[in-house]
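Here is the file run31.txt (compact mmCIF, C-alpha atoms).
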# COMPACT_ATOMS: atom_id res chain seq x y z
CA MET A 716 39.57 -10.69 19.32
CA ARG A 717 37.82 -7.97 17.41
CA GLY A 718 40.84 -6.33 15.80
CA GLY A 719 44.05 -4.49 16.43
CA ASN A 720 47.68 -4.08 15.60
CA LEU A 721 51.03 -4.85 17.26
CA LEU A 722 50.56 -2.36 20.11
CA GLN A 723 46.84 -2.40 20.73
CA GLN A 724 44.16 -5.08 20.42
CA SER A 725 40.43 -5.03 20.99
CA PHE A 726 38.71 -7.99 22.67
CA ALA A 727 35.11 -8.89 23.45
CA VAL A 728 34.97 -10.20 27.03
CA LYS A 729 32.31 -11.43 29.40
CA LEU A 730 32.40 -10.46 33.06
CA ASN A 731 30.27 -12.18 35.67
CA ILE A 732 28.71 -9.85 38.25
CA GLN A 733 27.57 -11.49 41.49
CA ASN A 734 25.08 -9.86 43.85
CA PRO A 735 25.11 -11.23 47.42
CA ASN A 736 22.41 -8.76 48.53
CA ASP A 737 18.70 -9.31 49.06
CA ARG A 738 17.79 -6.61 46.49
CA ALA A 739 18.33 -6.44 42.76
CA LEU A 740 21.33 -4.38 41.65
CA PRO A 741 20.69 -2.11 38.63
CA VAL A 742 24.06 -1.64 36.94
CA ARG A 743 24.18 1.26 34.43
CA GLY A 744 27.74 0.75 33.25
CA LEU A 745 31.17 -0.47 34.14
CA HIS A 746 34.82 0.40 33.74
CA THR A 747 37.71 -1.90 34.51
CA GLU A 748 41.50 -2.10 34.35
CA LEU A 749 43.79 -5.14 34.34
CA ASN A 750 47.35 -4.80 35.64
CA VAL A 751 49.81 -7.66 35.23
CA GLY A 752 53.19 -7.55 36.91
CA GLY A 753 52.54 -3.95 37.96
CA GLU A 754 51.78 -2.71 34.42
CA GLN A 755 48.39 -1.84 32.97
CA ILE A 756 47.83 -4.15 30.03
CA ALA A 757 44.08 -3.80 29.45
CA SER A 758 41.15 -1.52 30.19
CA GLY A 759 37.55 -1.19 29.16
CA VAL A 760 34.41 0.88 29.56
CA SER A 761 30.82 -0.08 28.86
CA ASP A 762 27.49 1.70 29.15
CA HIS A 763 25.57 -1.58 28.82
CA ALA A 764 22.87 -1.72 31.52
CA VAL A 765 21.99 -4.94 33.32
CA ILE A 766 19.99 -5.82 36.42
CA VAL A 767 21.69 -8.34 38.67
CA PRO A 768 19.02 -10.27 40.61
CA ALA A 769 19.06 -10.51 44.40
CA PHE A 770 21.35 -13.35 45.52
CA GLY A 771 22.16 -13.97 41.86
CA ASP A 772 24.53 -13.14 39.07
CA SER A 773 24.52 -11.79 35.53
CA GLU A 774 26.99 -11.76 32.68
CA PHE A 775 28.15 -8.43 31.37
CA ASP A 776 29.52 -8.04 27.82
CA MET A 777 32.13 -5.39 27.15
CA THR A 778 35.03 -4.55 24.88
CA ILE A 779 38.49 -4.09 26.33
CA THR A 780 41.60 -2.61 24.77
CA ALA A 781 44.79 -4.51 25.53
CA ASN A 782 48.51 -4.42 24.85
CA LEU A 783 49.48 -8.08 24.38
CA ALA A 784 53.03 -7.16 23.40
CA LEU A 785 53.55 -5.61 26.85
CA ALA A 786 51.92 -8.63 28.51
CA LEU A 787 54.24 -11.01 26.67
CA LEU A 788 57.28 -8.93 27.65
CA LYS A 789 56.23 -9.04 31.32
CA LEU A 790 55.63 -12.78 31.11
CA THR A 791 58.99 -13.40 29.40
CA ASP A 792 60.77 -11.27 32.00
CA LYS A 793 59.21 -13.27 34.85
CA ALA A 794 60.03 -16.56 33.11
CA ASN A 795 63.65 -15.43 32.70
CA GLN A 796 63.72 -14.77 36.44
CA HIS A 797 62.59 -18.40 36.93
CA ALA A 798 59.32 -17.24 38.53
CA ASP A 799 56.44 -19.70 38.75
CA SER A 800 53.73 -17.04 38.48
CA ILE A 801 52.99 -13.39 37.78
CA ASP A 802 50.66 -11.21 39.86
CA TYR A 803 47.55 -9.52 38.47
CA ASP A 804 45.07 -6.94 39.75
CA LEU A 805 41.63 -6.38 38.27
CA THR A 806 40.07 -3.13 39.45
CA GLY A 807 37.13 -1.07 38.40
CA GLU A 808 33.84 0.46 39.28
CA ALA A 809 30.23 -0.28 38.43
CA SER A 810 27.83 2.64 38.01
CA ILE A 811 24.73 1.80 40.03
CA ASP A 812 21.24 3.24 39.50
CA LEU A 813 20.13 3.52 43.14
CA PRO A 814 19.37 6.69 45.16
CA PHE A 815 22.09 6.28 47.79
CA LEU A 816 24.57 4.18 45.87
CA ARG A 817 25.97 5.68 42.68
CA SER A 818 29.09 3.59 42.24
CA LEU A 819 30.45 0.32 43.50
CA PRO A 820 34.22 -0.23 43.27
CA PHE A 821 35.65 -3.72 42.91
CA HIS A 822 39.09 -5.28 43.15
CA GLN A 823 40.36 -8.79 42.61
CA SER A 824 43.97 -9.87 42.69
CA GLY A 825 45.78 -13.12 42.22
CA ALA A 826 48.50 -14.74 40.18
CA PHE A 827 48.71 -16.39 36.79
CA THR A 828 50.82 -19.54 36.60
CA ILE A 829 53.57 -19.23 34.02
CA PRO A 830 53.26 -22.10 31.50
CA GLY A 831 56.02 -24.66 31.76
CA ARG A 832 56.53 -23.99 35.45
CA LEU A 833 55.45 -26.02 38.50

This entry written out as structure tokens:
Amino acid sequence: MRGGNLLQQSFAVKLNIQNPNDRALPVRGLHTELNVGGEQIASGVSDHAVIVPAFGDSEFDMTITANLALALLKLTDKANQHADSIDYDLTGEASIDLPFLRSLPFHQSGAFTIPGRL
């Protein structure tokens, strides 16, 4: 955590970018959004450039802004409903420095297990 207040916090995070292609992937920047239980709780933008090697991966540092109070409310609401988990969606787009590929969207979804359940 880098700082914040009750409604907004700033976090340093590391994302891992995987490249399954046979050519290096020059990433110029990235933006991402995290939704939990249907609500946006975090987002971030970075202009940090990195080259992801062919058939390899690279870590990408960025700062995100989050609303942990909203996340805790969503988690408490699900726990009160006796749910075992809460859904999340991570979406975003990488800016790519290639002639015919300017952006590469990504999406990952899943569920967080609610502590004390299962």

Using all atoms listed in the file, determine which residues lie at most 8 Å from stretch 770-777 of chain A, disregarding the query and same-chain residues fewer than 3 positions distant; provide the list as a list of chain:residue names.
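With the cut-off at 8 Å, the set is A:Ala727, A:Val728, A:Lys729, A:Leu730, A:Asn731, A:Ile732, A:Gln733, A:Asn734, A:Pro735, A:Asn736, A:Asp737, A:Arg738, A:Gly759, A:Val760, A:Ser761, A:His763, A:Val765, A:Ile766, A:Val767.
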
Could you take the residues named above and write them with C-alpha atoms, as a short mmCIF file (atom, residue, chain, number, x, y, z; two decimals), keeping the file's coordinate frame?
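And here is the file that came out, again04.cif:
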data_model
loop_
_atom_site.label_atom_id
_atom_site.label_comp_id
_atom_site.auth_asym_id
_atom_site.auth_seq_id
_atom_site.Cartn_x
_atom_site.Cartn_y
_atom_site.Cartn_z
CA ALA A 727 35.11 -8.89 23.45
CA VAL A 728 34.97 -10.20 27.03
CA LYS A 729 32.31 -11.43 29.40
CA LEU A 730 32.40 -10.46 33.06
CA ASN A 731 30.27 -12.18 35.67
CA ILE A 732 28.71 -9.85 38.25
CA GLN A 733 27.57 -11.49 41.49
CA ASN A 734 25.08 -9.86 43.85
CA PRO A 735 25.11 -11.23 47.42
CA ASN A 736 22.41 -8.76 48.53
CA ASP A 737 18.70 -9.31 49.06
CA ARG A 738 17.79 -6.61 46.49
CA GLY A 759 37.55 -1.19 29.16
CA VAL A 760 34.41 0.88 29.56
CA SER A 761 30.82 -0.08 28.86
CA HIS A 763 25.57 -1.58 28.82
CA VAL A 765 21.99 -4.94 33.32
CA ILE A 766 19.99 -5.82 36.42
CA VAL A 767 21.69 -8.34 38.67
#

Quick one: everything within 6 Å of stretch 739-754 of chain A, counting all atoms listed in the file, minus sequence neighbours fewer than 3 positions away in the same chain. Send it as number ranges by chain.
A: 757-769, 801-812

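Coordinates place atom CA of A:Gln723 at a distance of 12.7 Å from atom CA of A:Thr778.
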
If you measure from atom CA of A:Leu785 to atom CA of A:Leu722, what distance in Å do you get, rounded to one decimal?
8.1 Å

Calculate how many Å separate atom CA of A:Phe821 from atom CA of A:Lys793, rounding to one decimal.
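Between these atoms lies a distance of 26.7 Å.
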
Here is a test: counting all atoms listed in the file, which residue of A:Leu790, A:Ile756, A:Leu816, A:Ile829 is nearest to A:Ser725?
A:Ile756

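Closest to A:Asp799 among A:Arg717, A:Gln724, A:Pro830, A:Gln755 is A:Pro830, based on only C-alpha atoms.
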